[in-house]
$ cat input37.cif   # mmCIF, C-alpha atoms and all ligand atoms
data_model
loop_
_atom_site.label_atom_id
_atom_site.label_comp_id
_atom_site.auth_asym_id
_atom_site.auth_seq_id
_atom_site.Cartn_x
_atom_site.Cartn_y
_atom_site.Cartn_z
CA MET A 8 -17.97 16.84 -13.42
CA ALA A 9 -17.17 17.03 -9.73
CA ALA A 10 -16.63 13.82 -7.84
CA PRO A 11 -19.72 12.77 -5.91
CA GLU A 12 -19.80 13.59 -2.23
CA LEU A 13 -19.23 10.29 -0.46
CA SER A 14 -20.83 9.41 2.80
CA HIS A 15 -18.93 7.88 5.70
CA PRO A 16 -21.07 4.98 6.84
CA LEU A 17 -18.39 3.82 9.27
CA PRO A 18 -18.81 5.50 12.62
CA SER A 19 -15.52 6.94 13.69
CA THR A 20 -14.79 5.62 17.15
CA ARG A 21 -11.75 7.83 17.68
CA LYS A 22 -11.08 5.67 20.68
CA ARG A 23 -7.38 5.30 21.01
CA LEU A 24 -5.99 2.18 22.49
CA THR A 25 -5.55 2.77 26.20
CA PRO A 26 -2.46 1.52 28.06
CA ALA A 27 -4.76 -1.01 29.75
CA HIS A 28 -5.85 -2.39 26.37
CA ARG A 29 -2.26 -2.74 25.31
CA TRP A 30 -1.34 -4.42 28.58
CA TRP A 31 -4.11 -7.01 28.10
CA TRP A 32 -3.13 -7.52 24.49
CA LYS A 33 0.42 -8.38 25.53
CA PHE A 34 -0.79 -10.41 28.50
CA GLN A 35 -2.93 -12.56 26.18
CA ARG A 36 0.14 -13.53 24.15
CA ILE A 37 2.58 -13.95 27.02
CA SER A 38 0.11 -15.94 29.12
CA GLY A 39 -0.60 -18.09 26.07
CA VAL A 40 3.04 -19.09 25.79
CA VAL A 41 3.33 -19.69 29.54
CA LEU A 42 0.13 -21.74 29.46
CA VAL A 43 1.59 -24.09 26.87
CA VAL A 44 4.41 -24.97 29.27
CA LEU A 45 2.19 -25.17 32.35
CA LEU A 46 -0.53 -27.20 30.65
CA PHE A 47 1.66 -29.73 28.93
CA ALA A 48 3.83 -30.36 31.99
CA HIS A 49 0.61 -30.78 34.00
CA LEU A 50 -0.89 -33.21 31.49
CA PHE A 51 2.36 -35.13 31.09
CA TYR A 52 2.83 -35.57 34.85
CA ASN A 53 -0.79 -36.63 35.44
CA LEU A 54 -1.54 -38.72 32.39
CA VAL A 55 1.72 -40.11 31.03
CA LEU A 56 4.12 -40.65 33.92
CA GLY A 57 3.49 -43.52 36.36
CA ASP A 58 0.21 -45.40 35.83
CA GLY A 59 -1.23 -42.71 33.59
CA VAL A 60 -4.87 -41.76 33.92
CA ASN A 61 -5.63 -44.67 36.30
CA GLN A 62 -3.46 -43.22 39.03
CA ILE A 63 -5.62 -40.11 39.52
CA ASP A 64 -7.59 -40.24 42.75
CA PHE A 65 -7.75 -38.24 45.96
CA ALA A 66 -4.46 -39.65 47.21
CA PHE A 67 -2.68 -38.74 43.97
CA VAL A 68 -3.82 -35.12 44.08
CA ALA A 69 -3.14 -34.87 47.79
CA GLY A 70 0.34 -36.29 47.27
CA LYS A 71 1.03 -33.77 44.51
CA TRP A 72 -0.16 -30.82 46.54
CA ALA A 73 2.05 -31.80 49.43
CA ALA A 74 4.86 -30.30 47.33
CA PRO A 75 4.91 -26.48 47.20
CA LEU A 76 6.06 -26.63 43.57
CA TRP A 77 2.84 -28.32 42.46
CA LYS A 78 0.74 -26.00 44.61
CA TRP A 79 2.19 -22.98 42.90
CA TRP A 80 1.97 -24.75 39.54
CA ALA A 81 -1.74 -25.25 40.06
CA PHE A 82 -2.14 -21.68 41.24
CA ALA A 83 -0.34 -20.28 38.18
CA LEU A 84 -2.46 -22.43 35.89
CA LEU A 85 -5.62 -21.31 37.62
CA VAL A 86 -4.86 -17.59 37.51
CA LEU A 87 -3.37 -17.47 34.03
CA ALA A 88 -6.00 -19.66 32.39
CA MET A 89 -8.82 -17.72 34.05
CA LEU A 90 -7.45 -14.30 33.18
CA HIS A 91 -6.51 -15.40 29.66
CA GLY A 92 -9.92 -16.98 29.17
CA MET A 93 -11.67 -13.94 30.63
CA ASN A 94 -9.84 -11.51 28.38
CA GLY A 95 -10.37 -13.76 25.36
CA MET A 96 -14.09 -13.95 26.06
CA SER A 97 -14.26 -10.22 26.51
CA TYR A 98 -12.80 -9.85 22.99
CA LEU A 99 -15.74 -11.89 21.79
CA VAL A 100 -18.15 -9.74 23.80
CA GLY A 101 -16.64 -6.72 22.07
CA ASP A 102 -17.30 -8.36 18.70
CA TYR A 103 -20.83 -9.54 19.19
CA ALA A 104 -22.48 -7.30 21.79
CA ARG A 105 -23.89 -4.34 19.93
CA SER A 106 -24.83 -1.90 22.65
CA GLN A 107 -22.63 -0.38 25.29
CA ARG A 108 -25.03 -1.64 27.97
CA THR A 109 -24.90 -5.28 26.86
CA ARG A 110 -21.14 -5.04 26.65
CA ARG A 111 -20.82 -3.62 30.15
CA PHE A 112 -23.21 -6.19 31.57
CA LEU A 113 -21.50 -9.20 29.96
CA ASN A 114 -18.04 -7.96 30.90
CA ALA A 115 -19.14 -7.42 34.50
CA LEU A 116 -20.57 -10.94 34.56
CA LEU A 117 -17.31 -12.27 33.16
CA GLY A 118 -15.22 -10.40 35.69
CA ALA A 119 -17.41 -11.59 38.56
CA ALA A 120 -17.30 -15.23 37.40
CA THR A 121 -13.53 -15.03 37.05
CA ALA A 122 -13.10 -13.48 40.49
CA VAL A 123 -15.28 -16.13 42.16
CA ILE A 124 -13.46 -19.02 40.49
CA VAL A 125 -9.99 -17.61 41.15
CA VAL A 126 -10.81 -16.97 44.83
CA LEU A 127 -12.44 -20.37 45.38
CA GLY A 128 -9.68 -22.16 43.48
CA THR A 129 -6.97 -20.38 45.45
CA LEU A 130 -8.70 -21.32 48.70
CA VAL A 131 -8.87 -24.95 47.66
CA ILE A 132 -5.20 -25.05 46.67
CA PHE A 133 -3.83 -23.38 49.79
CA THR A 134 -6.19 -24.59 52.50
CA PHE A 135 -6.27 -28.12 51.19
CA ASP A 136 -6.09 -30.81 53.86
CA PRO A 137 -4.53 -34.00 52.49
CA CYS A 138 -5.46 -36.04 55.58
CA PRO A 139 -9.05 -35.21 56.56
CA GLN A 140 -9.97 -36.61 59.96
CA GLY A 141 -12.03 -39.79 60.04
CA ALA A 142 -11.53 -40.64 56.38
CA ASP A 143 -10.86 -44.16 55.17
CA ALA A 144 -7.05 -44.47 55.40
CA SER A 145 -6.89 -46.54 52.19
CA LEU A 146 -8.05 -43.52 50.22
CA LEU A 147 -5.47 -41.14 51.67
CA PRO A 148 -1.86 -40.54 50.66
CA SER A 149 0.62 -42.79 52.45
CA PHE A 150 2.22 -39.99 54.47
CA CYS A 151 -1.01 -39.45 56.45
CA ALA A 152 -0.20 -42.49 58.60
CA GLU A 153 3.14 -40.97 59.55
CA VAL A 154 1.74 -37.61 60.62
CA GLY A 155 -0.45 -39.62 62.94
CA LYS A 156 -3.91 -38.64 61.77
CA MET B 28 6.55 -17.18 -32.12
CA THR B 29 6.92 -20.95 -32.21
CA ALA B 30 5.32 -21.16 -28.79
CA VAL B 31 2.13 -19.70 -30.22
CA GLU B 32 2.04 -22.17 -33.07
CA GLU B 33 2.29 -25.16 -30.75
CA VAL B 34 -0.94 -24.31 -28.94
CA PRO B 35 -3.79 -26.54 -30.21
CA THR B 36 -6.11 -24.29 -32.16
CA GLU B 37 -9.20 -26.41 -32.76
CA LEU B 38 -11.76 -26.19 -29.97
CA GLY B 39 -12.18 -29.94 -29.92
CA GLY B 40 -8.82 -30.12 -28.18
CA VAL B 41 -10.29 -28.64 -25.01
CA ALA B 42 -12.48 -30.83 -22.85
CA VAL B 43 -16.14 -29.88 -22.67
CA MET B 44 -18.10 -30.36 -19.45
CA GLN B 45 -21.53 -29.75 -18.02
CA VAL B 46 -21.56 -27.47 -15.00
CA THR B 47 -24.23 -26.23 -12.64
CA LEU B 48 -23.93 -22.83 -11.00
CA ARG B 49 -26.06 -22.21 -7.94
CA ILE B 50 -26.15 -18.46 -7.58
CA LYS B 51 -27.43 -16.49 -4.62
CA ARG B 52 -29.64 -13.78 -6.00
CA MET B 53 -31.47 -10.73 -4.74
CA ASN B 54 -33.53 -8.21 -6.60
CA PRO B 55 -34.24 -4.99 -4.71
CA GLU B 56 -37.38 -4.49 -6.80
CA GLY B 57 -38.56 -8.07 -6.46
CA THR B 58 -39.42 -10.56 -9.19
CA GLY B 59 -42.55 -12.52 -10.03
CA ASP B 60 -41.67 -15.15 -7.45
CA HIS B 61 -39.65 -13.21 -4.93
CA ALA B 62 -40.33 -10.22 -2.72
CA PRO B 63 -38.16 -7.11 -3.03
CA GLY B 64 -34.89 -7.65 -1.17
CA GLU B 65 -35.48 -11.36 -0.58
CA ASP B 66 -32.48 -13.51 -1.35
CA TYR B 67 -32.83 -16.90 -2.98
CA TRP B 68 -30.74 -19.50 -4.79
CA GLU B 69 -31.12 -20.11 -8.49
CA GLU B 70 -29.50 -22.88 -10.51
CA PHE B 71 -28.18 -22.56 -14.05
CA HIS B 72 -26.94 -25.44 -16.18
CA LEU B 73 -24.49 -24.81 -18.95
CA GLU B 74 -21.83 -26.31 -21.12
CA ALA B 75 -18.34 -25.07 -20.41
CA HIS B 76 -14.79 -25.75 -21.50
CA ALA B 77 -12.03 -26.87 -19.19
CA THR B 78 -10.34 -23.55 -19.85
CA ASP B 79 -13.35 -21.51 -18.71
CA ARG B 80 -13.36 -19.50 -15.54
CA VAL B 81 -16.31 -18.77 -13.27
CA LEU B 82 -16.51 -15.36 -14.90
CA ASP B 83 -16.95 -16.99 -18.32
CA ALA B 84 -19.78 -19.07 -16.91
CA LEU B 85 -21.44 -15.96 -15.45
CA HIS B 86 -21.11 -14.24 -18.82
CA LYS B 87 -22.66 -17.20 -20.55
CA ILE B 88 -25.59 -17.14 -18.16
CA LYS B 89 -26.08 -13.41 -18.49
CA TRP B 90 -25.74 -13.36 -22.26
CA GLU B 91 -27.61 -16.53 -23.13
CA GLN B 92 -29.94 -17.44 -20.27
CA ASP B 93 -30.88 -14.62 -17.92
CA GLY B 94 -29.97 -11.03 -18.72
CA THR B 95 -31.10 -9.86 -15.28
CA LEU B 96 -28.16 -11.50 -13.51
CA ALA B 97 -26.08 -8.70 -12.03
CA PHE B 98 -22.37 -8.84 -11.21
CA ARG B 99 -19.35 -6.57 -11.54
CA ARG B 100 -16.33 -7.10 -13.69
CA SER B 101 -14.11 -4.88 -15.70
CA CYS B 102 -10.69 -6.15 -16.75
CA ALA B 103 -11.61 -9.85 -16.63
CA HIS B 104 -7.96 -10.66 -15.95
CA GLY B 105 -7.39 -10.25 -12.23
CA VAL B 106 -6.13 -6.68 -12.39
CA CYS B 107 -9.00 -4.38 -11.51
CA GLY B 108 -10.42 -6.25 -8.51
CA SER B 109 -14.07 -5.86 -9.51
CA ASP B 110 -15.31 -9.41 -9.34
CA ALA B 111 -14.48 -10.73 -5.89
CA MET B 112 -17.22 -13.13 -4.87
CA ARG B 113 -17.76 -16.06 -2.60
CA ILE B 114 -17.29 -19.18 -4.70
CA ASN B 115 -17.80 -22.53 -2.97
CA ALA B 116 -17.62 -20.70 0.37
CA ARG B 117 -14.27 -19.06 -0.36
CA ASN B 118 -13.60 -15.53 -1.49
CA ARG B 119 -12.01 -15.46 -4.93
CA LEU B 120 -11.94 -13.47 -8.14
CA ALA B 121 -14.37 -15.04 -10.63
CA CYS B 122 -11.93 -14.12 -13.39
CA LYS B 123 -9.07 -16.07 -11.81
CA THR B 124 -10.97 -19.20 -10.82
CA LEU B 125 -11.11 -22.05 -13.31
CA LEU B 126 -14.31 -24.12 -13.26
CA LYS B 127 -12.32 -27.33 -13.55
CA ASP B 128 -10.55 -26.55 -10.27
CA LEU B 129 -13.88 -26.41 -8.41
CA ASN B 130 -15.14 -29.99 -8.79
CA PRO B 131 -17.66 -29.31 -11.60
CA ALA B 132 -19.40 -32.61 -10.78
CA LYS B 133 -21.21 -30.75 -8.03
CA PRO B 134 -23.12 -27.45 -8.26
CA ILE B 135 -20.76 -24.51 -7.87
CA LEU B 136 -21.99 -22.08 -5.24
CA VAL B 137 -21.62 -18.40 -6.10
CA GLU B 138 -22.57 -15.73 -3.54
CA PRO B 139 -21.83 -12.06 -3.02
CA ILE B 140 -18.96 -11.31 -0.62
CA VAL B 141 -20.16 -11.24 2.98
CA GLY B 142 -20.39 -8.27 5.33
CA LEU B 143 -21.22 -5.52 2.86
CA PRO B 144 -24.82 -4.61 1.93
CA VAL B 145 -26.01 -6.44 -1.19
CA GLU B 146 -27.37 -4.14 -3.88
CA LYS B 147 -28.40 -6.73 -6.40
CA ASP B 148 -27.38 -10.37 -6.96
CA LEU B 149 -23.58 -10.44 -6.71
CA ILE B 150 -23.13 -6.68 -6.45
CA VAL B 151 -22.45 -5.26 -3.00
CA ASP B 152 -22.13 -1.69 -1.78
CA MET B 153 -18.37 -1.18 -1.53
CA GLU B 154 -18.65 2.22 0.13
CA PRO B 155 -18.02 1.11 3.75
CA PHE B 156 -14.94 -0.70 2.47
CA PHE B 157 -13.63 2.34 0.60
CA ALA B 158 -14.45 4.60 3.55
CA SER B 159 -12.05 2.55 5.69
CA TYR B 160 -9.42 2.80 2.99
CA ARG B 161 -9.78 6.59 2.78
CA LYS B 162 -9.35 6.84 6.54
CA ILE B 163 -5.76 5.63 6.41
CA MET B 164 -4.88 8.36 3.89
CA PRO B 165 -3.73 6.22 0.96
CA PHE B 166 -1.49 8.77 -0.71
CA LEU B 167 2.17 9.72 -0.43
CA MET B 168 2.81 12.25 2.33
CA PRO B 169 6.39 13.41 1.73
CA ALA B 170 8.19 15.99 3.83
CA GLY B 171 9.89 19.07 2.39
CA PRO B 172 9.56 20.62 -1.06
CA ALA B 173 9.00 18.47 -4.11
CA PRO B 174 12.34 17.46 -5.65
CA GLU B 175 13.30 18.24 -9.26
CA ARG B 176 13.16 14.60 -10.26
CA GLU B 177 11.73 11.38 -8.83
CA ARG B 178 12.27 10.50 -5.16
CA LEU B 179 15.00 7.90 -5.09
CA GLN B 180 14.87 4.70 -3.15
CA THR B 181 17.21 1.71 -2.91
CA PRO B 182 15.97 -1.71 -4.07
CA ALA B 183 16.03 -2.83 -0.44
CA GLN B 184 13.84 0.10 0.59
CA ARG B 185 11.43 -0.74 -2.21
CA GLU B 186 11.42 -4.40 -1.26
CA ARG B 187 10.33 -3.53 2.28
CA PHE B 188 6.74 -2.78 1.22
CA ASP B 189 6.65 -4.62 -2.11
CA ASP B 190 4.11 -7.19 -0.96
CA THR B 191 1.44 -4.68 0.01
CA THR B 192 1.75 -2.70 -3.24
CA LYS B 193 0.06 -5.64 -4.97
CA CYS B 194 -3.35 -4.87 -3.49
CA ILE B 195 -6.13 -4.33 -6.04
CA LEU B 196 -8.86 -3.39 -3.53
CA CYS B 197 -11.11 -6.29 -4.43
CA ALA B 198 -12.28 -6.66 -0.79
CA ALA B 199 -11.76 -10.44 -0.76
CA CYS B 200 -9.67 -10.19 2.41
CA THR B 201 -11.86 -7.76 4.33
CA THR B 202 -15.04 -9.70 3.58
CA ALA B 203 -13.36 -12.97 4.61
CA CYS B 204 -12.54 -11.59 8.05
CA PRO B 205 -14.75 -12.90 10.87
CA VAL B 206 -14.15 -9.75 12.91
CA PHE B 207 -15.34 -7.61 10.00
CA TRP B 208 -18.49 -9.74 9.74
CA THR B 209 -19.45 -9.23 13.36
CA ASP B 210 -17.99 -5.86 14.19
CA GLY B 211 -19.39 -3.08 12.07
CA GLN B 212 -16.56 -0.71 13.03
CA TYR B 213 -13.44 -2.71 12.23
CA PHE B 214 -11.33 -1.16 9.46
CA GLY B 215 -10.73 -4.58 7.95
CA PRO B 216 -7.52 -6.10 6.62
CA GLN B 217 -7.45 -4.20 3.34
CA ALA B 218 -7.23 -0.77 4.96
CA ILE B 219 -4.35 -2.04 7.07
CA VAL B 220 -2.60 -3.41 3.98
CA GLY B 221 -3.15 -0.03 2.32
CA ALA B 222 -1.60 1.72 5.31
CA HIS B 223 1.30 -0.73 5.41
CA ARG B 224 2.16 0.15 1.82
CA PHE B 225 2.87 3.77 2.88
CA ILE B 226 4.07 3.28 6.45
CA PHE B 227 7.01 1.18 5.29
CA ASP B 228 7.77 3.35 2.25
CA SER B 229 11.02 5.25 2.88
CA ARG B 230 9.73 8.24 0.85
CA ASP B 231 6.70 8.72 3.03
CA GLU B 232 6.66 10.82 6.20
CA GLY B 233 3.07 10.23 7.27
CA GLN B 234 3.78 6.97 9.09
CA TRP B 235 2.80 8.16 12.52
CA ASP B 236 -0.38 9.83 11.33
CA ARG B 237 -1.44 6.53 9.82
CA LEU B 238 -0.26 4.46 12.77
CA GLU B 239 -2.20 6.77 15.05
CA ILE B 240 -5.35 6.08 13.02
CA LEU B 241 -4.75 2.34 13.13
CA ASN B 242 -4.16 2.54 16.89
CA ASP B 243 -7.89 3.07 17.25
CA THR B 244 -9.83 0.41 19.16
CA ALA B 245 -11.55 -0.34 15.83
CA GLY B 246 -8.15 -0.45 14.15
CA VAL B 247 -5.39 -2.97 14.01
CA TRP B 248 -6.03 -4.34 17.53
CA LYS B 249 -9.30 -5.87 16.41
CA CYS B 250 -7.34 -8.37 14.33
CA ARG B 251 -7.49 -11.88 15.81
CA THR B 252 -4.91 -13.48 13.56
CA ALA B 253 -7.49 -15.70 11.90
CA PHE B 254 -5.49 -15.79 8.63
CA ASN B 255 -8.70 -15.80 6.55
CA CYS B 256 -7.44 -12.67 4.80
CA THR B 257 -4.14 -14.21 3.76
CA GLU B 258 -5.97 -17.24 2.45
CA ALA B 259 -8.47 -15.14 0.53
CA CYS B 260 -6.10 -12.71 -1.17
CA PRO B 261 -6.10 -13.37 -4.94
CA ARG B 262 -2.78 -11.53 -5.19
CA GLY B 263 -1.06 -13.73 -2.65
CA ILE B 264 -0.33 -10.85 -0.28
CA GLU B 265 0.67 -12.01 3.19
CA VAL B 266 -2.03 -9.91 4.77
CA THR B 267 -1.84 -11.24 8.31
CA LYS B 268 1.91 -10.72 8.31
CA ALA B 269 1.49 -7.10 7.20
CA ILE B 270 -1.02 -6.55 10.01
CA SER B 271 1.39 -8.05 12.52
CA GLU B 272 4.14 -5.71 11.32
CA ILE B 273 1.88 -2.77 12.07
CA LYS B 274 1.11 -4.13 15.54
CA HIS B 275 4.82 -4.59 16.07
CA ALA B 276 5.55 -1.02 15.01
CA LEU B 277 2.89 0.24 17.43
CA ASN B 278 4.20 -1.90 20.27
CA THR B 279 7.85 -1.01 19.82
CA GLY B 280 7.59 2.49 18.36
CA GLU B 281 9.99 1.40 15.62
CA ILE B 282 9.30 1.20 11.92
C1 LIG A 301 -2.39 -23.77 25.26
C2 LIG A 301 -2.05 -22.56 25.59
C3 LIG A 301 -2.70 -21.35 24.99
C4 LIG A 301 -2.16 -20.51 24.07
C5 LIG A 301 -0.78 -20.61 23.42
C6 LIG A 301 -3.12 -19.45 23.81
C7 LIG A 301 -2.89 -18.37 22.97
C8 LIG A 301 -3.83 -17.42 22.65
C9 LIG A 301 -3.61 -16.25 21.85
C10 LIG A 301 -2.28 -15.85 21.23
C11 LIG A 301 -4.78 -15.59 21.75
C12 LIG A 301 -5.02 -14.30 21.01
C13 LIG A 301 -5.46 -14.58 19.60
C14 LIG A 301 -5.52 -13.32 18.80
O1 LIG A 301 -6.27 -12.41 19.15
O2 LIG A 301 -4.80 -13.23 17.79
C15 LIG A 301 -5.76 -16.33 22.46
C16 LIG A 301 -7.10 -16.01 22.54
C17 LIG A 301 -8.00 -16.67 23.35
N1 LIG A 301 -7.74 -17.68 24.25
FE1 LIG A 301 -6.00 -18.68 24.41
N2 LIG A 301 -4.25 -19.69 24.55
C18 LIG A 301 -4.04 -20.84 25.28
C19 LIG A 301 -4.91 -21.43 26.19
C20 LIG A 301 -6.19 -20.97 26.45
C21 LIG A 301 -7.05 -21.47 27.51
C22 LIG A 301 -6.68 -22.56 28.53
C23 LIG A 301 -8.22 -20.78 27.39
C24 LIG A 301 -9.49 -20.90 28.22
C25 LIG A 301 -9.46 -20.79 29.53
C26 LIG A 301 -8.10 -19.86 26.28
C27 LIG A 301 -9.08 -19.01 25.83
C28 LIG A 301 -8.92 -18.06 24.86
C29 LIG A 301 -9.99 -17.24 24.33
C30 LIG A 301 -11.46 -17.32 24.71
C31 LIG A 301 -9.40 -16.39 23.38
C32 LIG A 301 -10.10 -15.36 22.51
C33 LIG A 301 -10.51 -16.01 21.23
C34 LIG A 301 -10.39 -15.10 20.05
O3 LIG A 301 -9.63 -14.13 20.10
O4 LIG A 301 -11.05 -15.38 19.07
N3 LIG A 301 -6.86 -20.00 25.73
N4 LIG A 301 -5.17 -17.45 23.02
S1 LIG A 302 -12.63 -8.52 -13.53
FE1 LIG A 302 -10.92 -7.31 -12.98
S2 LIG A 302 -10.11 -8.48 -11.30
FE2 LIG A 302 -11.57 -9.83 -12.11
#

$ encode --input "input37.cif" --output "structure tokens"
Amino acid sequence: MAAPELSHPLPSTRKRLTPAHRWWWKFQRISGVVLVVLLFAHLFYNLVLGDGVNQIDFAFVAGKWAAPLWKWWAFALLVLAMLHGMNGMSYLVGDYARSQRTRRFLNALLGAATAVIVVLGTLVIFTFDPCPQGADASLLPSFCAEVGK
Amino acid sequence: MTAVEEVPTELGGVAVMQVTLRIKRMNPEGTGDHAPGEDYWEEFHLEAHATDRVLDALHKIKWEQDGTLAFRRSCAHGVCGSDAMRINARNRLACKTLLKDLNPAKPILVEPIVGLPVEKDLIVDMEPFFASYRKIMPFLMPAGPAPERERLQTPAQRERFDDTTKCILCAACTTACPVFWTDGQYFGPQAIVGAHRFIFDSRDEGQWDRLEILNDTAGVWKCRTAFNCTEACPRGIEVTKAISEIKHALNTGEI
């Protein structure tokens, strides 16, 4: 007896991994490792050193961002976490969204949300004014008095 | 021989217990109480020995209580891979799972493996699973003419892919994979294990054909390192590790 003809219920995608896919795959892992360092140093500095969680107020953040190191730290955290989160979510979109249209729509939404947050966050970090005019001096970092504002 | 004689022979030596099996059932033709294709839970109470496995309990139900209960099994000893099912929410072989290890004080939940179409009760359509396996070309692809005698291999070369030769195609890993559940196109861990067995075999020359197939967007890159497959494998294969070795080979171009 001949073997029965078997159907192939799995659609063959024949979609090879593009270089972009591979780049994102590697990025997800590398950014993950970098995020561990960035996140834990961030948490340790804010929550453990000094007075811990009680020290966090406007003056504390303003004081931190007076140092370029912490500005760039915050920027790296922002960009890496957003891109890593975006790519991770787009994996989930690929899993759950059935149609090409839904997938495109959700990925576009994700990309747009990421872009908006990264741009706004970057603006906040780099245009931040630690000594806004007319503010209560007791709420500002101590160096504001010296710069004469 | 003495070892055999020391085993207690009278049945009274083995503890007897009452167990309840709550089985997820489906009859494509319907029953008096249930529409065709509707799934429902049914409880069976039986007396079992501490040495009994879930498969023994299923046999007892089928032979003594309800002959319509449908499930697959062949070897009954963990070799053929016919009776993978979801027992207390974990994929296992019914023939390798002792009732006493499952907290028999509570009902034991038995369901078909998830992600493949149910045909009846605990029997699923394995064809999508086998189709993925066929795609990776699970046969030796040697180069050159066939030698006079067997193709030689050093113990170290054999060791390289030893782990993935243990696969019995029971589908416990693939149907434990959350990506397989949601993504109808993913090859699933088993097909990758099957490919690994040949890719890392020094006698095989088809590595890059297989790697090319797994380099599909529905291939190895769908894996999210959930480790469900490794946990589910009744043969103890390190499935996630095998998958990672394939990713590594694809990323570095080295086997
Ligand atoms: C603590 C540092 C982090 C590490 C080490 C890390 C590592 C990883 C890795 C390796 C993956 C890929 C998993 C796989 O496909 O096998 C991943 C996925 C993901 N990550 Fe992260 N990550 C970190 C932080 C974050 C943060 C801050 C976010 C959110 C902004 C995030 C969101 C995600 C999402 C949504 C996924 C996809 C989930 C999935 O594949 O099921 N991760 N992460
Ligand atoms: S019946 Fe053969 S593996 Fe369980």

$ residues_around --input "input37.cif" --residues "range 37-51 of chain A" --least-positions-apart "5" --cutoff "7 Å" --atoms "all atoms listed in the file" --output "count of residues only"
4

$ residues_around --input "input37.cif" --residues "Gln234 in chain B" --least-positions-apart "2" --cutoff "9 Å" --atoms "all atoms listed in the file" --output "PDB file with C-alpha atoms, in the coordinates of the input"
ATOM      1  CA  MET B 168       2.810  12.250   2.330  1.00  0.00           C
ATOM      2  CA  ALA B 222      -1.600   1.720   5.310  1.00  0.00           C
ATOM      3  CA  HIS B 223       1.300  -0.730   5.410  1.00  0.00           C
ATOM      4  CA  PHE B 225       2.870   3.770   2.880  1.00  0.00           C
ATOM      5  CA  ILE B 226       4.070   3.280   6.450  1.00  0.00           C
ATOM      6  CA  PHE B 227       7.010   1.180   5.290  1.00  0.00           C
ATOM      7  CA  ASP B 228       7.770   3.350   2.250  1.00  0.00           C
ATOM      8  CA  ASP B 231       6.700   8.720   3.030  1.00  0.00           C
ATOM      9  CA  GLU B 232       6.660  10.820   6.200  1.00  0.00           C
ATOM     10  CA  ASP B 236      -0.380   9.830  11.330  1.00  0.00           C
ATOM     11  CA  ARG B 237      -1.440   6.530   9.820  1.00  0.00           C
ATOM     12  CA  LEU B 238      -0.260   4.460  12.770  1.00  0.00           C
ATOM     13  CA  GLU B 239      -2.200   6.770  15.050  1.00  0.00           C
ATOM     14  CA  ILE B 282       9.300   1.200  11.920  1.00  0.00           C
TER      15      ILE B 282
END

$ closest_residue --input "input37.cif" --among "B:Leu96, B:Val81, B:Ala158, B:Ile140" --to "chain A" --atoms "all atoms listed in the file"
B:Ala158

$ atom_distance --input "input37.cif" --atom1 "CA of Ala203 in chain B" --atom2 "CA of Gly64 in chain B"
22.9 Å

$ residues_near_ligand --input "input37.cif" --ligand "ligand LIG 302 (chain A)" --cutoff "9 Å" --atoms "only C-alpha atoms and all ligand atoms" --output "number ranges by chain"
B: 82, 99-111, 120-123, 195, 197, 261

$ write_last_selection --input "input37.cif" --atoms "C-alpha atoms" --output "PDB file, keeping the file's coordinate frame"
ATOM      1  CA  LEU B  82     -16.510 -15.360 -14.900  1.00  0.00           C
ATOM      2  CA  ARG B  99     -19.350  -6.570 -11.540  1.00  0.00           C
ATOM      3  CA  ARG B 100     -16.330  -7.100 -13.690  1.00  0.00           C
ATOM      4  CA  SER B 101     -14.110  -4.880 -15.700  1.00  0.00           C
ATOM      5  CA  CYS B 102     -10.690  -6.150 -16.750  1.00  0.00           C
ATOM      6  CA  ALA B 103     -11.610  -9.850 -16.630  1.00  0.00           C
ATOM      7  CA  HIS B 104      -7.960 -10.660 -15.950  1.00  0.00           C
ATOM      8  CA  GLY B 105      -7.390 -10.250 -12.230  1.00  0.00           C
ATOM      9  CA  VAL B 106      -6.130  -6.680 -12.390  1.00  0.00           C
ATOM     10  CA  CYS B 107      -9.000  -4.380 -11.510  1.00  0.00           C
ATOM     11  CA  GLY B 108     -10.420  -6.250  -8.510  1.00  0.00           C
ATOM     12  CA  SER B 109     -14.070  -5.860  -9.510  1.00  0.00           C
ATOM     13  CA  ASP B 110     -15.310  -9.410  -9.340  1.00  0.00           C
ATOM     14  CA  ALA B 111     -14.480 -10.730  -5.890  1.00  0.00           C
ATOM     15  CA  LEU B 120     -11.940 -13.470  -8.140  1.00  0.00           C
ATOM     16  CA  ALA B 121     -14.370 -15.040 -10.630  1.00  0.00           C
ATOM     17  CA  CYS B 122     -11.930 -14.120 -13.390  1.00  0.00           C
ATOM     18  CA  LYS B 123      -9.070 -16.070 -11.810  1.00  0.00           C
ATOM     19  CA  ILE B 195      -6.130  -4.330  -6.040  1.00  0.00           C
ATOM     20  CA  CYS B 197     -11.110  -6.290  -4.430  1.00  0.00           C
ATOM     21  CA  PRO B 261      -6.100 -13.370  -4.940  1.00  0.00           C
TER      22      PRO B 261
END

$ axis_aligned_box --input "input37.cif" --around "ligand LIG 301 (chain A)" --padding-each-side "6 Å" --output "JSON"
{"center_x": -6.1, "center_y": -18.1, "center_z": 23.7, "size_x": 22.7, "size_y": 23.4, "size_z": 23.7}

$ interface_residues --input "input37.cif" --of "chain B" --to "chain A" --cutoff "8 Å" --atoms "only C-alpha atoms" --output "PyMOL selection string"
chain B and resi 154-155+158-159+206+209-212+242-245
